[in-house]
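To start, the structure under review is shown below, and the notes come after it.
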Amino acid sequence: MKQWMKPALTAAAIALGLVGAAHAQWPDKPIKLVVPYPAGGAADNTARILAQYLGERLKQQIIVDNRPGASGTIGASYVAKAPADGYTLLLDATSYTVNPSLFPKLNYDPAKELAPVSLIMQVPLLMVVPANSPYASVADVVKAAKATPGKLTYASAGSGGAQHLAAELFSQNEKISMTHIPYKGGAPALTDLIGGQVDLMFSATTASGAFVRGGKLKPLAITSSKRQEGWPQVPTVGESGLKGFEVNEWNGLFAPAGTPRPILDRLETETRAVVADKAVASRFAEMGVQGVGSSSKDFAAFVKSETTKWAGVIKAGNIKVD
C-alpha cells in the first residue's frame, strides 16, 4: 500500500467508528414525536400511548409535539426537513396518503423525504344512517341513489378527509351520485345525521359507535375487509355486494428519509413490541382501534398502495379543497 494512502484510510476508519458509536448510543437525548393534528384527537391519543411505552423501551423521554394545520402537511413538512438522526419522528394518519393528490404543490415529497417505520393501528368506518331512516341495507341506499341521482346526501368532517373519500369511493364503485355535505368536524356532522338533516355518513367506529349502541344511528355496513369482533352483526361493504371494498383510518410512524438504518431498525423493532404489549392492546381496545405493528417493508407497501388508490378517487371525482 502506498504510504500517502494510509492517513486517508485511517481518517475514514475513525469517521466510520464515530458514526457507528453514535448509532450505538442512540438515543442519548429526548426524542420529539410530531403529531400534525390537534391535541385530543385519535392521532394524538395514539401518539401519547406510543410515546409512553416506546420511551420506556428506549429508556429515553419522547415528547409529543402537536403541529396542526393544512390537513397535516405542516407537521409532516417539519419532520421531512428535520435532521435524519432519529430525534424527530412523525405520527401521521390517513391524510398522509391523500395529501399528495389534494395538494400537488406540497413543499415536501412524502415518497422521498419520509421513511415509513410501522403501521401502528387502524380503525374501520361504519356506514350509518339515522335510526328512523327508511334504508335498512347498502342495497337500499344504492337503489334510492340510482332512482334519484344526487338527492341522497352524505355528511363528512370536511372535504378530502377519510369520510368524504370513503363515500366517494363507494359512489364511484357503485356508479351512483350522492351530494356531499362537508362539516367543520365530525361532531357537528354526526349531530345533523342523528337529526335527519343528512341521509348517511361513513364514520369511524370510534366516533359513531356510541351513537349506534345508543340507538340513535343505524349501521348498514362496515368498511373493513371482514366482520369485526365488536360489530359481528354488521356486514362488510364487500358482503353487501361491493367486493374488495376496504377503507380504514390509520396511524403510522415515520422518520426523515436518510435516518441511519440501525436506528430505523431499532425503531421498527421496539414499536412493534409496543403494539404487541398487552397493556397497549388493552388501551387500544378501550379506544376502539386495532393494533397492527407492521414491518417497515409492509408499511411502505401499504402507504404506496393507499396513495395510488386515493389518487385515482380524487382524480375521478375531481375533488378539490379550499
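How things are named: the first chain in the C-alpha cells is A, the next is B, and so on; residues count from 1 in each chain; ligands count from 1 in the order shown.
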
Excluding range 45-55 of chain A and any residue of its chain fewer than 6 positions from it, enumerate the residues within 10 Å of it, using only C-alpha atoms, and give them as a CSV table (one decimal) with N, CA, C and O atoms, in the first residue's frame.
chain,number,residue,atom,x,y,z
A,27,PRO,N,-30.9,6.2,21.6
A,27,PRO,CA,-31.0,7.7,21.8
A,27,PRO,C,-30.3,8.1,23.1
A,27,PRO,O,-30.5,7.5,24.2
A,30,PRO,N,-33.7,13.3,24.6
A,30,PRO,CA,-35.2,13.2,24.3
A,30,PRO,C,-35.5,13.2,22.8
A,30,PRO,O,-34.8,13.8,22.0
A,31,ILE,N,-36.5,12.5,22.5
A,31,ILE,CA,-37.0,12.4,21.1
A,31,ILE,C,-38.3,13.1,20.9
A,31,ILE,O,-39.1,13.1,21.8
A,32,LYS,N,-38.4,13.9,19.8
A,32,LYS,CA,-39.6,14.6,19.5
A,32,LYS,C,-40.5,13.8,18.6
A,32,LYS,O,-40.1,13.4,17.5
A,33,LEU,N,-41.8,13.6,19.0
A,33,LEU,CA,-42.7,12.9,18.2
A,33,LEU,C,-43.8,13.9,17.7
A,33,LEU,O,-44.6,14.3,18.5
A,34,VAL,N,-43.7,14.3,16.5
A,34,VAL,CA,-44.6,15.3,15.9
A,34,VAL,C,-45.9,14.7,15.5
A,34,VAL,O,-45.9,13.7,14.8
A,35,VAL,N,-47.0,15.3,15.9
A,35,VAL,CA,-48.3,14.9,15.5
A,35,VAL,C,-48.9,16.1,14.8
A,35,VAL,O,-49.1,17.2,15.3
A,39,ALA,N,-54.4,18.4,19.6
A,39,ALA,CA,-54.4,17.5,20.8
A,39,ALA,C,-55.9,17.0,21.0
A,39,ALA,O,-56.8,17.7,20.7
A,61,GLN,N,-36.9,9.9,27.1
A,61,GLN,CA,-38.2,10.6,27.1
A,61,GLN,C,-38.6,10.9,25.6
A,61,GLN,O,-37.7,11.3,24.8
A,62,ILE,N,-39.9,10.7,25.3
A,62,ILE,CA,-40.4,11.0,24.0
A,62,ILE,C,-41.5,12.1,24.2
A,62,ILE,O,-42.4,11.9,24.9
A,63,ILE,N,-41.2,13.2,23.6
A,63,ILE,CA,-42.1,14.4,23.8
A,63,ILE,C,-43.0,14.5,22.6
A,63,ILE,O,-42.6,14.6,21.5
A,64,VAL,N,-44.4,14.5,22.8
A,64,VAL,CA,-45.3,14.7,21.8
A,64,VAL,C,-45.4,16.2,21.5
A,64,VAL,O,-45.7,17.0,22.3
A,65,ASP,N,-45.3,16.5,20.2
A,65,ASP,CA,-45.3,17.9,19.7
A,65,ASP,C,-46.4,18.1,18.7
A,65,ASP,O,-46.3,17.6,17.5
A,66,ASN,N,-47.5,18.7,19.1
A,66,ASN,CA,-48.6,18.9,18.1
A,66,ASN,C,-48.4,20.1,17.2
A,66,ASN,O,-48.1,21.2,17.7
A,90,LEU,N,-42.4,11.3,13.2
A,90,LEU,CA,-43.8,11.8,12.7
A,90,LEU,C,-44.8,10.7,13.0
A,90,LEU,O,-44.6,9.5,12.6
A,91,LEU,N,-45.9,11.0,13.7
A,91,LEU,CA,-47.0,10.1,13.8
A,91,LEU,C,-48.1,10.7,12.9
A,91,LEU,O,-48.8,11.7,13.3
A,92,ASP,N,-48.3,10.1,11.8
A,92,ASP,CA,-49.3,10.6,10.8
A,92,ASP,C,-50.5,9.7,10.6
A,92,ASP,O,-50.5,8.6,11.2
A,120,ILE,N,-49.2,1.5,13.0
A,120,ILE,CA,-49.4,1.2,14.4
A,120,ILE,C,-50.8,0.7,14.7
A,120,ILE,O,-51.0,-0.3,15.4
A,121,MET,N,-51.8,1.4,14.1
A,121,MET,CA,-53.2,1.0,14.4
A,121,MET,C,-54.1,1.4,13.2
A,121,MET,O,-53.7,2.2,12.4
A,251,ASN,N,-53.1,5.2,11.8
A,251,ASN,CA,-52.0,6.0,12.3
A,251,ASN,C,-50.7,5.2,12.1
A,251,ASN,O,-50.7,3.9,12.4
A,252,GLY,N,-49.6,5.8,11.7
A,252,GLY,CA,-48.4,5.2,11.5
A,252,GLY,C,-47.2,6.0,11.8
A,252,GLY,O,-47.3,7.3,11.9
A,253,LEU,N,-46.0,5.4,12.1
A,253,LEU,CA,-44.8,6.1,12.5
A,253,LEU,C,-43.9,6.3,11.3
A,253,LEU,O,-43.6,5.3,10.5
A,267,LEU,N,-36.1,1.3,15.8
A,267,LEU,CA,-37.4,1.9,15.9
A,267,LEU,C,-38.5,1.0,15.5
A,267,LEU,O,-39.5,0.8,16.2
A,270,GLU,N,-38.8,-1.9,18.3
A,270,GLU,CA,-39.3,-1.5,19.5
A,270,GLU,C,-40.8,-1.1,19.4
A,270,GLU,O,-41.6,-1.3,20.3
A,271,THR,N,-41.1,-0.5,18.2
A,271,THR,CA,-42.5,0.0,18.0
A,271,THR,C,-43.4,-1.3,17.9
A,271,THR,O,-44.5,-1.3,18.5
A,272,ARG,N,-43.0,-2.3,17.2
A,272,ARG,CA,-43.8,-3.5,17.0
A,272,ARG,C,-43.9,-4.2,18.4
A,272,ARG,O,-45.0,-4.7,18.7
A,273,ALA,N,-42.9,-4.1,19.2
A,273,ALA,CA,-43.0,-4.7,20.6
A,273,ALA,C,-44.0,-3.9,21.4
A,273,ALA,O,-44.8,-4.5,22.2
A,274,VAL,N,-44.0,-2.6,21.3
A,274,VAL,CA,-45.0,-1.8,22.0
A,274,VAL,C,-46.4,-2.2,21.6
A,274,VAL,O,-47.3,-2.4,22.5
A,275,VAL,N,-46.7,-2.3,20.3
A,275,VAL,CA,-48.1,-2.6,19.9
A,275,VAL,C,-48.5,-4.0,20.3
A,275,VAL,O,-49.7,-4.2,20.6
A,277,ASP,N,-47.6,-5.3,23.1
A,277,ASP,CA,-47.7,-5.3,24.6
A,277,ASP,C,-49.2,-5.4,25.0
A,277,ASP,O,-50.1,-4.7,24.5
A,279,ALA,N,-50.7,-4.4,27.7
A,279,ALA,CA,-51.2,-3.1,28.3
A,279,ALA,C,-51.6,-2.2,27.1
A,279,ALA,O,-52.6,-1.5,27.2
A,280,VAL,N,-50.8,-2.1,26.1
A,280,VAL,CA,-51.1,-1.2,25.0
A,280,VAL,C,-52.3,-1.8,24.2
A,280,VAL,O,-53.2,-1.0,23.8
A,283,ARG,N,-55.4,-0.7,26.0
A,283,ARG,CA,-55.7,0.8,25.8
A,283,ARG,C,-56.2,1.0,24.4
A,283,ARG,O,-57.1,1.8,24.2
A,284,PHE,N,-55.7,0.3,23.4
A,284,PHE,CA,-56.2,0.4,22.1
A,284,PHE,C,-57.7,-0.1,22.0
A,284,PHE,O,-58.5,0.5,21.4
A,287,MET,N,-60.0,2.4,23.2
A,287,MET,CA,-60.2,3.4,22.2
A,287,MET,C,-61.1,2.9,21.0
A,287,MET,O,-61.6,3.7,20.2
A,289,VAL,N,-59.8,0.8,18.7
A,289,VAL,CA,-58.9,0.7,17.5
A,289,VAL,C,-58.2,-0.6,17.5
A,289,VAL,O,-58.1,-1.3,18.5

Handout entry: Nearest to Asp265 in chain A, chosen from A:Thr148, A:Ser296, A:Thr94, A:Gln60, with only C-alpha atoms counted in the distances
Key =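 Selected residue with least distance to Asp265 in chain A: A:Ser296.
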
Practice task
Fewer than 5 positions away in the same chain doesn't count, so skip those; otherwise give me all residues within 9 Å of Val123 in chain A, counting only C-alpha atoms, as a list of chain:residue names.
Solution key: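 Surrounding residues, per the criterion: A:Ala204, A:Thr205, A:Thr206, A:Ser224, A:Val247, A:Asn248, A:Glu249, A:Trp250, A:Gly288, A:Val289, A:Gln290, A:Gly291.
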
Practice task
Grab the CA of Val117 in chain A to CA of Asp85 in chain A distance for me, in Å with one decimal place.
Solution key: 14.1 Å

Exercise for the section: Name the residues in contact with range 309-313 of chain A at a cut-off of 12 Å, using only C-alpha atoms, excluding same-chain residues fewer than 4 positions from it; report them as a PyMOL selection string. Expected result: chain A and resi 94-104+160-162+164-173+245-247+302-305+317-320
